[in-house]
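Asks: Handing over run-v1.json, JSON, C-alpha atoms and all ligand atoms.
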```json
[["chain", "number", "residue", "atom", "x", "y", "z"],
["A", 1, "MET", "CA", -3.08, 45.69, -61.96],
["A", 2, "VAL", "CA", -5.60, 42.83, -61.91],
["A", 3, "ARG", "CA", -4.09, 39.39, -61.74],
["A", 4, "GLY", "CA", -7.23, 37.31, -61.41],
["A", 5, "LYS", "CA", -8.49, 35.65, -58.29],
["A", 6, "PHE", "CA", -6.34, 33.98, -55.67],
["A", 7, "ILE", "CA", -6.32, 30.23, -56.42],
["A", 8, "VAL", "CA", -6.48, 27.32, -54.03],
["A", 9, "GLY", "CA", -5.99, 24.01, -55.80],
["A", 10, "SER", "CA", -5.65, 20.44, -54.66],
["A", 11, "ASN", "CA", -3.81, 17.37, -55.81],
["A", 12, "TYR", "CA", -5.31, 14.16, -54.41],
["A", 13, "LYS", "CA", -2.61, 12.12, -56.18],
["A", 14, "MET", "CA", -3.38, 8.35, -56.25],
["A", 15, "ASN", "CA", -5.63, 8.45, -53.20],
["A", 16, "GLY", "CA", -9.30, 7.95, -52.52],
["A", 17, "SER", "CA", -12.25, 5.77, -53.46],
["A", 18, "GLN", "CA", -15.75, 6.57, -54.66],
["A", 19, "SER", "CA", -17.00, 6.81, -51.09],
["A", 20, "SER", "CA", -14.09, 8.79, -49.63],
["A", 21, "LEU", "CA", -14.10, 11.26, -52.52],
["A", 22, "LEU", "CA", -17.86, 11.73, -52.28],
["A", 23, "ALA", "CA", -17.34, 12.52, -48.60],
["A", 24, "LEU", "CA", -14.82, 15.23, -49.53],
["A", 25, "VAL", "CA", -17.21, 16.54, -52.18],
["A", 26, "GLY", "CA", -19.97, 16.64, -49.55],
["A", 27, "LEU", "CA", -17.74, 18.64, -47.26],
["A", 28, "LEU", "CA", -17.07, 21.24, -49.96],
["A", 29, "ASN", "CA", -20.71, 21.30, -51.08],
["A", 30, "HIS", "CA", -21.85, 22.20, -47.58],
["A", 31, "ALA", "CA", -19.07, 24.67, -46.83],
["A", 32, "GLN", "CA", -19.21, 28.44, -47.03],
["A", 33, "LEU", "CA", -16.45, 29.16, -49.51],
["A", 34, "ASP", "CA", -14.88, 32.52, -50.22],
["A", 35, "SER", "CA", -16.24, 33.64, -53.60],
["A", 36, "ASN", "CA", -13.07, 35.69, -54.12],
["A", 37, "VAL", "CA", -11.02, 32.52, -54.38],
["A", 38, "GLU", "CA", -10.85, 30.25, -57.42],
["A", 39, "ILE", "CA", -10.90, 26.65, -56.17],
["A", 40, "PHE", "CA", -10.23, 23.40, -57.97],
["A", 41, "ILE", "CA", -9.82, 19.80, -56.83],
["A", 42, "SER", "CA", -7.90, 17.11, -58.71],
["A", 43, "PRO", "CA", -9.08, 13.57, -58.06],
["A", 44, "PRO", "CA", -7.56, 10.51, -59.75],
["A", 45, "LEU", "CA", -8.57, 10.29, -63.40],
["A", 46, "VAL", "CA", -11.16, 7.52, -63.02],
["A", 47, "TYR", "CA", -13.09, 9.59, -60.48],
["A", 48, "ILE", "CA", -13.19, 12.90, -62.36],
["A", 49, "ASP", "CA", -16.59, 12.19, -63.88],
["A", 50, "LEU", "CA", -18.10, 11.11, -60.56],
["A", 51, "VAL", "CA", -16.67, 14.13, -58.76],
["A", 52, "ARG", "CA", -17.76, 16.59, -61.47],
["A", 53, "LYS", "CA", -21.32, 15.26, -61.40],
["A", 54, "ASN", "CA", -21.61, 15.62, -57.64],
["A", 55, "LEU", "CA", -19.57, 18.73, -56.88],
["A", 56, "ARG", "CA", -20.99, 22.26, -56.62],
["A", 57, "ARG", "CA", -20.48, 24.21, -59.84],
["A", 58, "ASP", "CA", -18.38, 26.99, -58.34],
["A", 59, "VAL", "CA", -15.56, 24.55, -57.59],
["A", 60, "ALA", "CA", -13.67, 23.33, -60.65],
["A", 61, "VAL", "CA", -12.23, 19.90, -61.28],
["A", 62, "GLY", "CA", -8.73, 19.20, -62.52],
["A", 63, "ALA", "CA", -6.80, 16.21, -63.84],
["A", 64, "GLN", "CA", -3.34, 15.25, -62.62],
["A", 65, "ASN", "CA", -1.88, 14.54, -66.05],
["A", 66, "CYS", "CA", -2.69, 14.17, -69.74],
["A", 67, "TYR", "CA", -0.93, 13.05, -72.89],
["A", 68, "LEU", "CA", 0.95, 15.23, -75.36],
["A", 69, "LYS", "CA", -1.09, 14.20, -78.42],
["A", 70, "ALA", "CA", -4.68, 15.01, -79.30],
["A", 71, "THR", "CA", -5.77, 11.53, -80.39],
["A", 72, "GLY", "CA", -4.43, 8.26, -81.76],
["A", 73, "ALA", "CA", -2.80, 4.93, -80.98],
["A", 74, "TYR", "CA", -1.39, 5.67, -77.52],
["A", 75, "THR", "CA", -2.62, 2.78, -75.41],
["A", 76, "GLY", "CA", -3.42, 3.75, -71.86],
["A", 77, "GLU", "CA", -3.08, 7.49, -72.36],
["A", 78, "VAL", "CA", -5.69, 10.24, -72.03],
["A", 79, "ALA", "CA", -6.00, 13.23, -74.34],
["A", 80, "PRO", "CA", -6.70, 16.73, -73.00],
["A", 81, "GLU", "CA", -9.86, 16.91, -75.14],
["A", 82, "MET", "CA", -11.20, 13.88, -73.28],
["A", 83, "LEU", "CA", -10.68, 15.64, -69.98],
["A", 84, "ARG", "CA", -12.64, 18.62, -71.27],
["A", 85, "ASP", "CA", -15.32, 16.24, -72.49],
["A", 86, "ILE", "CA", -15.95, 14.93, -68.96],
["A", 87, "GLY", "CA", -15.97, 18.39, -67.42],
["A", 88, "ALA", "CA", -12.40, 18.89, -66.23],
["A", 89, "GLU", "CA", -11.24, 22.49, -66.47],
["A", 90, "TYR", "CA", -7.69, 22.21, -65.14],
["A", 91, "VAL", "CA", -4.77, 19.90, -65.67],
["A", 92, "ILE", "CA", -1.63, 19.67, -63.53],
["A", 93, "LEU", "CA", 1.46, 19.22, -65.70],
["A", 94, "GLY", "CA", 5.12, 18.76, -64.85],
["A", 95, "HIS", "CA", 4.51, 17.69, -61.28],
["A", 96, "THR", "CA", 7.75, 16.44, -59.75],
["A", 97, "GLU", "CA", 6.32, 12.95, -59.31],
["A", 98, "ARG", "CA", 5.67, 12.83, -63.08],
["A", 99, "ARG", "CA", 9.14, 14.17, -63.80],
["A", 100, "GLU", "CA", 10.97, 11.87, -61.37],
["A", 101, "ILE", "CA", 8.99, 8.62, -61.21],
["A", 102, "PHE", "CA", 7.67, 8.61, -64.78],
["A", 103, "LYS", "CA", 10.74, 10.25, -66.29],
["A", 104, "GLU", "CA", 8.91, 13.09, -68.02],
["A", 105, "SER", "CA", 11.45, 15.42, -69.57],
["A", 106, "ASP", "CA", 11.26, 19.21, -69.81],
["A", 107, "THR", "CA", 10.40, 18.67, -73.49],
["A", 108, "ASP", "CA", 7.52, 16.30, -72.66],
["A", 109, "VAL", "CA", 6.13, 18.84, -70.20],
["A", 110, "GLY", "CA", 6.32, 21.62, -72.81],
["A", 111, "LEU", "CA", 4.49, 19.52, -75.40],
["A", 112, "LYS", "CA", 1.82, 18.53, -72.89],
["A", 113, "VAL", "CA", 1.30, 22.17, -71.95],
["A", 114, "GLU", "CA", 0.82, 23.10, -75.61],
["A", 115, "GLN", "CA", -1.67, 20.30, -76.24],
["A", 116, "ALA", "CA", -3.64, 20.99, -73.06],
["A", 117, "LEU", "CA", -3.90, 24.73, -73.76],
["A", 118, "GLN", "CA", -5.04, 23.99, -77.31],
["A", 119, "ALA", "CA", -7.80, 21.80, -75.88],
["A", 120, "GLY", "CA", -8.98, 24.71, -73.73],
["A", 121, "LEU", "CA", -7.78, 23.42, -70.37],
["A", 122, "ARG", "CA", -6.27, 25.67, -67.73],
["A", 123, "VAL", "CA", -2.78, 24.45, -67.03],
["A", 124, "ILE", "CA", -1.06, 24.32, -63.65],
["A", 125, "ALA", "CA", 2.55, 24.13, -64.82],
["A", 126, "CYS", "CA", 4.75, 22.87, -61.99],
["A", 127, "VAL", "CA", 8.38, 23.80, -61.55],
["A", 128, "GLY", "CA", 10.68, 23.16, -58.63],
["A", 129, "GLU", "CA", 14.19, 22.31, -57.56],
["A", 130, "LYS", "CA", 15.37, 19.20, -55.75],
["A", 131, "LEU", "CA", 17.02, 19.35, -52.33],
["A", 132, "GLU", "CA", 20.56, 18.97, -53.68],
["A", 133, "GLU", "CA", 19.91, 21.73, -56.23],
["A", 134, "HIS", "CA", 18.49, 23.92, -53.48],
["A", 135, "GLN", "CA", 21.54, 23.31, -51.29],
["A", 136, "ALA", "CA", 23.88, 24.03, -54.20],
["A", 137, "GLU", "CA", 22.03, 27.34, -54.75],
["A", 138, "LYS", "CA", 20.94, 26.22, -58.20],
["A", 139, "THR", "CA", 17.24, 26.92, -57.62],
["A", 140, "LEU", "CA", 16.82, 29.67, -60.19],
["A", 141, "GLU", "CA", 18.98, 27.93, -62.78],
["A", 142, "VAL", "CA", 16.73, 24.84, -62.54],
["A", 143, "LEU", "CA", 13.51, 26.84, -62.56],
["A", 144, "TYR", "CA", 14.52, 28.95, -65.56],
["A", 145, "ARG", "CA", 15.42, 25.79, -67.50],
["A", 146, "GLN", "CA", 12.03, 24.23, -66.69],
["A", 147, "LEU", "CA", 10.22, 27.48, -67.48],
["A", 148, "ASP", "CA", 12.03, 27.91, -70.79],
["A", 149, "ALA", "CA", 10.78, 24.49, -71.92],
["A", 150, "ILE", "CA", 7.21, 25.50, -71.03],
["A", 151, "ALA", "CA", 7.25, 29.10, -72.28],
["A", 152, "ASP", "CA", 8.23, 28.02, -75.79],
["A", 153, "HIS", "CA", 4.83, 26.31, -76.06],
["A", 154, "VAL", "CA", 2.57, 29.03, -74.70],
["A", 155, "LEU", "CA", 0.93, 31.55, -77.01],
["A", 156, "ASP", "CA", -1.82, 32.77, -74.71],
["A", 157, "TRP", "CA", -0.74, 33.03, -71.06],
["A", 158, "SER", "CA", -4.19, 33.72, -69.66],
["A", 159, "ASN", "CA", -4.89, 30.01, -69.08],
["A", 160, "LEU", "CA", -1.54, 29.14, -67.58],
["A", 161, "VAL", "CA", -0.73, 29.21, -63.89],
["A", 162, "VAL", "CA", 2.82, 28.57, -62.69],
["A", 163, "ALA", "CA", 3.11, 26.42, -59.56],
["A", 164, "TYR", "CA", 6.38, 26.78, -57.69],
["A", 165, "GLU", "CA", 6.79, 23.50, -55.84],
["A", 166, "PRO", "CA", 10.21, 23.02, -54.26],
["A", 167, "VAL", "CA", 10.69, 19.26, -54.40],
["A", 168, "TRP", "CA", 12.21, 19.24, -50.92],
["A", 169, "ALA", "CA", 8.95, 20.64, -49.53],
["A", 170, "ILE", "CA", 6.55, 18.21, -51.20],
["A", 171, "GLY", "CA", 5.04, 15.73, -48.78],
["A", 172, "THR", "CA", 7.88, 16.32, -46.34],
["A", 173, "GLY", "CA", 6.26, 18.67, -43.85],
["A", 174, "ARG", "CA", 9.16, 21.04, -44.58],
["A", 175, "VAL", "CA", 7.52, 24.13, -46.02],
["A", 176, "ALA", "CA", 9.44, 26.98, -47.64],
["A", 177, "THR", "CA", 9.33, 30.05, -45.44],
["A", 178, "PRO", "CA", 7.07, 32.82, -46.77],
["A", 179, "GLU", "CA", 10.22, 34.92, -47.43],
["A", 180, "GLN", "CA", 11.92, 32.08, -49.33],
["A", 181, "ALA", "CA", 8.82, 31.44, -51.42],
["A", 182, "GLN", "CA", 8.26, 35.16, -52.06],
["A", 183, "ARG", "CA", 11.85, 35.57, -53.27],
["A", 184, "VAL", "CA", 11.47, 32.72, -55.75],
["A", 185, "HIS", "CA", 8.03, 33.85, -56.93],
["A", 186, "ARG", "CA", 9.41, 37.33, -57.54],
["A", 187, "ALA", "CA", 12.31, 35.85, -59.50],
["A", 188, "ILE", "CA", 9.88, 33.83, -61.63],
["A", 189, "ARG", "CA", 7.81, 36.96, -62.29],
["A", 190, "GLU", "CA", 10.89, 38.92, -63.29],
["A", 191, "TRP", "CA", 11.96, 36.06, -65.55],
["A", 192, "LEU", "CA", 8.53, 36.24, -67.20],
["A", 193, "ARG", "CA", 8.96, 40.00, -67.57],
["A", 194, "SER", "CA", 12.31, 39.68, -69.28],
["A", 195, "LYS", "CA", 11.13, 36.92, -71.64],
["A", 196, "LYS", "CA", 7.49, 37.77, -72.26],
["A", 197, "GLY", "CA", 6.98, 41.37, -71.22],
["A", 198, "ASP", "CA", 5.11, 43.29, -68.54],
["A", 199, "HIS", "CA", 1.62, 42.07, -69.39],
["A", 200, "VAL", "CA", 2.46, 38.37, -69.02],
["A", 201, "ALA", "CA", 4.59, 39.01, -65.93],
["A", 202, "ASP", "CA", 1.91, 41.03, -64.18],
["A", 203, "GLN", "CA", -1.07, 38.86, -65.15],
["A", 204, "THR", "CA", 0.31, 35.35, -64.69],
["A", 205, "ARG", "CA", -0.57, 33.80, -61.39],
["A", 206, "ILE", "CA", 2.23, 32.04, -59.53],
["A", 207, "ILE", "CA", 1.06, 29.68, -56.82],
["A", 208, "TYR", "CA", 3.05, 27.91, -54.10],
["A", 209, "GLY", "CA", 2.90, 24.19, -53.29],
["A", 210, "GLY", "CA", 4.82, 22.08, -50.80],
["A", 211, "SER", "CA", 3.52, 21.05, -47.37],
["A", 212, "VAL", "CA", 0.87, 23.76, -47.25],
["A", 213, "ASN", "CA", -1.49, 23.30, -44.33],
["A", 214, "LEU", "CA", -3.77, 25.43, -42.22],
["A", 215, "SER", "CA", -0.99, 26.63, -39.95],
["A", 216, "ASN", "CA", 1.20, 28.07, -42.73],
["A", 217, "ALA", "CA", -1.37, 28.99, -45.41],
["A", 218, "ALA", "CA", -2.11, 32.51, -44.19],
["A", 219, "MET", "CA", 1.52, 33.58, -43.94],
["A", 220, "LEU", "CA", 2.24, 32.31, -47.44],
["A", 221, "ALA", "CA", -0.92, 33.88, -48.85],
["A", 222, "ASN", "CA", 0.13, 37.22, -47.44],
["A", 223, "GLU", "CA", 3.17, 37.53, -49.69],
["A", 224, "GLU", "CA", 2.89, 39.89, -52.63],
["A", 225, "ASP", "CA", 3.87, 37.47, -55.39],
["A", 226, "ILE", "CA", 2.10, 34.39, -54.04],
["A", 227, "ASP", "CA", -1.15, 34.26, -56.00],
["A", 228, "GLY", "CA", -2.45, 30.99, -54.66],
["A", 229, "LEU", "CA", -1.74, 27.74, -52.87],
["A", 230, "PHE", "CA", -1.42, 24.23, -54.21],
["A", 231, "VAL", "CA", -2.24, 21.60, -51.64],
["A", 232, "GLY", "CA", -1.44, 17.88, -51.60],
["A", 233, "GLY", "CA", -1.77, 15.98, -48.33],
["A", 234, "ALA", "CA", -3.89, 18.57, -46.52],
["A", 235, "SER", "CA", -6.43, 18.63, -49.36],
["A", 236, "LEU", "CA", -7.61, 15.17, -48.28],
["A", 237, "LYS", "CA", -8.58, 16.55, -44.87],
["A", 238, "PRO", "CA", -11.41, 18.82, -43.69],
["A", 239, "GLU", "CA", -8.85, 21.63, -43.15],
["A", 240, "PHE", "CA", -8.82, 22.11, -46.94],
["A", 241, "VAL", "CA", -12.03, 24.12, -46.55],
["A", 242, "ASP", "CA", -10.27, 26.49, -44.15],
["A", 243, "ILE", "CA", -7.29, 26.77, -46.49],
["A", 244, "CYS", "CA", -9.72, 27.77, -49.26],
["A", 245, "ASN", "CA", -10.98, 30.54, -46.97],
["A", 246, "VAL", "CA", -7.50, 31.67, -45.94],
["A", 247, "LEU", "CA", -7.90, 35.20, -47.30],
["A", 248, "GLN", "CA", -10.89, 35.88, -45.08],
["A", 249, "GLY", "CA", -8.69, 36.01, -41.99],
["A", 250, "SER", "CA", -6.44, 38.66, -43.51],
["A", 251, "ARG", "CA", -9.18, 41.07, -44.61],
["A", 301, "LIG", "C1", 2.06, 18.33, -54.26],
["A", 301, "LIG", "O1", 2.44, 17.17, -54.37],
["A", 301, "LIG", "O2", 1.78, 19.01, -55.27],
["A", 301, "LIG", "C2", 1.96, 18.91, -52.93],
["A", 301, "LIG", "C3", 1.85, 20.22, -52.81],
["A", 301, "LIG", "O3", 1.96, 18.02, -51.88],
["A", 301, "LIG", "P1", 1.99, 18.34, -50.30],
["A", 301, "LIG", "O4", 1.06, 19.47, -50.04],
["A", 301, "LIG", "O5", 1.53, 17.06, -49.66],
["A", 301, "LIG", "O6", 3.40, 18.68, -49.96]]
```
Take the structure in the file and write it out as structure tokens.
Ligand code: PEP

Replies:
Amino acid sequence: MVRGKFIVGSNYKMNGSQSSLLALVGLLNHAQLDSNVEIFISPPLVYIDLVRKNLRRDVAVGAQNCYLKATGAYTGEVAPEMLRDIGAEYVILGHTERREIFKESDTDVGLKVEQALQAGLRVIACVGEKLEEHQAEKTLEVLYRQLDAIADHVLDWSNLVVAYEPVWAIGTGRVATPEQAQRVHRAIREWLRSKKGDHVADQTRIIYGGSVNLSNAAMLANEEDIDGLFVGGASLKPEFVDICNVLQGSR
């Protein structure tokens, strides 16, 4: 069964400047990167063009959000087509900060996923439970609800990657254990199997995000149903290069 390459993706969030991002680009451009890993970086929107023009071609660029319409009178918003137009290949949708701070609903996320896929972007669709939901053992209930809202809008699953990002692990330094993450990834895959069949379940990549750094990346990457890593804080540091090469240590 071929699931596609292991993915290492970044989310720079609202951080960086032209000079600091060009420094990160320079670091990646000069690094020896594992060609068996699919890598993308996601700078703030206004820097996507700059980053794309300066970054090596074998590393993709992603956006952190887009709007749920293709064009029109939506002041301040950005259409997925526009992201494609400036060379972005990925878009992160449903990140917890979008859901919580900007009040994006499950429905909004589903509509954004549909629009982004139609525009030809690869979608990193984020799902994850909050701490209180985790403690109340409602993790799978929450994830299945979020996934349902996304799955309704996906016709072709080949350009969709699911990112499991437990909210309690994001930016907290509290990473899920490899066993915890594996259990949830397996549950997501079995949910996909029951709703969409074997092909979608076996082909869809499910990546883990939440306080990934160089010291935990290898253990997480080792798990059977963890098909990649999604990195926030550590992606702004030189260690991101080593996280991209995490599989090399385990071969
Ligand atoms: C994120 O916000 O998607 C994320 C994974 O952040 P961090 O790695 O900083 O926890």

Asks: Could you list, as an MDAnalysis selection string, every residue within 8 Å of A:Glu38, counting all atoms listed in the file and ignoring same-chain residues fewer than 5 positions away?

Replies: chainID A and resid 5:8 59

Asks: How would you write, as a JSON list (two decimals) with C-alpha atoms, in the coordinates of the input, the set of residues no farther than 7 Å from ligand LIG 301 (chain A) when counting only C-alpha atoms and all ligand atoms?

Replies:
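Saved result, result05.json, follows:
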```json
[["chain", "number", "residue", "atom", "x", "y", "z"],
["A", 11, "ASN", "CA", -3.81, 17.37, -55.81],
["A", 95, "HIS", "CA", 4.51, 17.69, -61.28],
["A", 165, "GLU", "CA", 6.79, 23.50, -55.84],
["A", 169, "ALA", "CA", 8.95, 20.64, -49.53],
["A", 170, "ILE", "CA", 6.55, 18.21, -51.20],
["A", 171, "GLY", "CA", 5.04, 15.73, -48.78],
["A", 172, "THR", "CA", 7.88, 16.32, -46.34],
["A", 173, "GLY", "CA", 6.26, 18.67, -43.85],
["A", 209, "GLY", "CA", 2.90, 24.19, -53.29],
["A", 210, "GLY", "CA", 4.82, 22.08, -50.80],
["A", 211, "SER", "CA", 3.52, 21.05, -47.37],
["A", 212, "VAL", "CA", 0.87, 23.76, -47.25],
["A", 230, "PHE", "CA", -1.42, 24.23, -54.21],
["A", 231, "VAL", "CA", -2.24, 21.60, -51.64],
["A", 232, "GLY", "CA", -1.44, 17.88, -51.60],
["A", 233, "GLY", "CA", -1.77, 15.98, -48.33],
["A", 234, "ALA", "CA", -3.89, 18.57, -46.52]]
```

Asks: Residues within 8 Å of stretch 135-149 of chain A, please, as a list in words. Count all atoms listed in the file; anything in the same chain fewer than 5 positions from it doesn't count.

Replies: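 Final neighbour list, sorted by chain and number: Asp106, Thr107, Val109, Gly110, Val127, Gly128, Glu129, Val184, Ala187, Ile188 and Trp191 of chain A.
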
Asks: Nearest to A:Ser10: which of A:Gly197, A:Ala125, A:Ile39, A:Pro166 is it, counting only C-alpha atoms?

Replies: A:Ile39

Asks: For a quick check of understanding, using all atoms listed in the file, which of A:Pro178, A:Ser35, A:Gly87, A:Val167 has the smallest distance to A:Ala221?

Replies: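 Closest to A:Ala221 of all the choices is A:Pro178.
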
Asks: Determine the nearest neighbour of A:Ala31 from the options A:Glu133, A:Asp58, A:Asp227, A:Asp85, counting only C-alpha atoms.

Replies: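 Among the listed residues, A:Asp58 lies closest to A:Ala31.
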
Asks: Of the candidates A:Val51, A:Val37, A:Ile207, A:Leu28, which shows the shortest atom-to-atom distance to A:Gly16, using all atoms listed in the file?

Replies: A:Val51
